$ cat query-v2.cif   # mmCIF, C-alpha atoms
data_run
#
loop_
_atom_site.label_atom_id
_atom_site.label_comp_id
_atom_site.auth_asym_id
_atom_site.auth_seq_id
_atom_site.Cartn_x
_atom_site.Cartn_y
_atom_site.Cartn_z
CA SER A 18 137.80 91.43 33.68
CA ALA A 19 139.31 87.99 34.25
CA ASP A 20 138.32 85.11 32.01
CA HIS A 21 139.58 82.37 34.33
CA VAL A 22 139.53 81.42 38.01
CA PRO A 23 142.53 82.84 39.92
CA GLY A 24 144.82 80.45 41.82
CA ALA A 25 143.93 82.06 45.16
CA PHE A 26 140.33 80.94 44.63
CA HIS A 27 141.54 77.37 44.09
CA GLN A 28 143.40 77.54 47.39
CA ASP A 29 140.18 78.54 49.12
CA HIS A 30 138.27 75.81 47.26
CA ALA A 31 140.82 73.33 48.61
CA ARG A 32 140.41 74.63 52.17
CA GLN A 33 136.62 74.42 51.95
CA ALA A 34 136.76 70.88 50.53
CA ALA A 35 139.08 69.77 53.36
CA SER A 36 136.73 71.32 55.94
CA ALA A 37 133.77 69.52 54.36
CA LEU A 38 135.67 66.22 54.56
CA VAL A 39 136.52 66.69 58.23
CA GLY A 40 133.03 67.84 59.19
CA PRO A 41 131.76 70.10 61.96
CA GLN A 42 134.90 69.80 64.09
CA GLY A 43 136.73 71.86 61.46
CA PHE A 44 140.08 71.82 59.72
CA ILE A 45 142.60 74.65 59.80
CA PRO A 46 145.50 74.11 57.39
CA VAL A 47 148.84 75.22 58.79
CA ASN A 48 150.92 73.94 55.87
CA ALA A 49 150.05 73.68 52.18
CA SER A 50 151.80 72.69 48.99
CA ASN A 51 150.02 73.83 45.82
CA SER A 52 150.55 73.03 42.15
CA PHE A 53 148.80 74.72 39.24
CA TRP A 54 148.88 73.21 35.73
CA ARG A 55 146.34 75.13 33.69
CA TYR A 56 143.66 77.79 33.90
CA ALA A 57 140.15 76.90 35.02
CA GLU A 58 137.68 78.65 32.74
CA LEU A 59 134.63 80.37 34.21
CA ASP A 60 132.11 78.89 31.80
CA ARG A 61 132.66 75.20 32.68
CA PRO A 62 132.57 73.23 35.94
CA CYS A 63 135.80 72.49 37.77
CA TRP A 64 135.30 69.27 39.74
CA ILE A 65 136.90 69.12 43.19
CA ASP A 66 138.00 65.85 44.83
CA VAL A 67 139.33 65.56 48.36
CA THR A 68 140.84 62.59 50.19
CA GLN A 69 142.52 62.13 53.51
CA THR A 70 146.03 60.92 52.72
CA ALA A 71 147.52 60.63 56.21
CA SER A 72 146.70 60.97 59.87
CA GLU A 73 149.60 61.93 62.05
CA SER A 74 149.85 61.61 65.81
CA GLY A 75 147.34 63.53 67.86
CA ASN A 76 144.73 65.55 66.01
CA THR A 77 146.68 66.36 62.85
CA MET A 78 145.74 65.18 59.38
CA THR A 79 146.87 65.63 55.78
CA VAL A 80 144.44 65.95 52.88
CA GLU A 81 144.94 66.02 49.11
CA VAL A 82 142.58 68.18 47.06
CA THR A 83 142.53 68.15 43.27
CA GLY A 84 140.60 70.15 40.70
CA ARG A 85 139.80 68.88 37.19
CA GLN A 86 138.12 70.58 34.26
CA ASP A 87 137.32 68.97 30.90
CA GLY A 88 139.25 65.85 31.93
CA HIS A 89 142.46 67.77 32.71
CA SER A 90 144.14 68.43 36.05
CA VAL A 91 143.90 72.11 36.94
CA PHE A 92 145.44 72.19 40.42
CA SER A 93 146.30 70.13 43.47
CA SER A 94 146.79 71.11 47.07
CA THR A 95 148.19 69.02 49.89
CA MET A 96 147.31 70.50 53.27
CA THR A 97 148.22 69.52 56.82
CA GLY A 98 146.61 70.86 59.93
CA PRO A 99 144.99 70.16 63.27
CA VAL A 100 141.49 68.80 63.59
CA SER A 101 139.50 70.28 66.47
#

$ encode --input "query-v2.cif" --output "structure tokens"
Amino acid sequence: SADHVPGAFHQDHARQAASALVGPQGFIPVNASNSFWRYAELDRPCWIDVTQTASESGNTMTVEVTGRQDGHSVFSSTMTGPVS
């Protein structure tokens, strides 16, 4: 069994955080850039922060999502996509 959170889970955490930021109209990322620096352990919280970093023309936005555990950066994801 795994003793840490897989990177694919962090990508989904980032997508969910971006959707929560945008609200009921939804956010579908069409482009993402991800960085992973360390493992997130299962027995401690990994805090997720999300901010809108840019709003392009039309209904497209970019968000930055970061995860931190024990005061250390675990991952970051920058996602761009349309807002319904």

$ resolve_selection --input "query-v2.cif" --expression "the PyMOL selection byres ((chain A and resi 34) around 12)" --output "count of residues only"
32

$ resolve_selection --input "query-v2.cif" --expression "the PyMOL selection byres ((chain A and resi 100) around 6)" --output "ChimeraX atom specification"
/A:44,76-77,99,101

$ write_last_selection --input "query-v2.cif" --atoms "C-alpha atoms" --output "tab-separated table (two decimals), in the coordinates of the input"
chain	number	residue	atom	x	y	z
A	44	PHE	CA	140.08	71.82	59.72
A	76	ASN	CA	144.73	65.55	66.01
A	77	THR	CA	146.68	66.36	62.85
A	99	PRO	CA	144.99	70.16	63.27
A	101	SER	CA	139.50	70.28	66.47

$ atom_distance --input "query-v2.cif" --atom1 "atom CA of A:Trp54" --atom2 "atom CA of A:Ala25"
13.8 Å

$ atom_distance --input "query-v2.cif" --atom1 "atom CA of A:Ala71" --atom2 "atom CA of A:His89"
25.1 Å

$ closest_residue --input "query-v2.cif" --among "A:Asn48, A:Pro41, A:Tyr56, A:Pro23" --to "A:Val91" --atoms "all atoms listed in the file"
A:Tyr56

$ atom_distance --input "query-v2.cif" --atom1 "atom CA of A:Asp20" --atom2 "atom CA of A:Asp87"
16.2 Å

$ closest_residue --input "query-v2.cif" --among "A:Gln86, A:Val47, A:Phe53, A:Thr70" --to "A:Gly24" --atoms "all atoms listed in the file"
A:Phe53

$ closest_residue --input "query-v2.cif" --among "A:Val22, A:Gly98, A:Thr79, A:Gly88" --to "A:Leu59" --atoms "only C-alpha atoms"
A:Val22
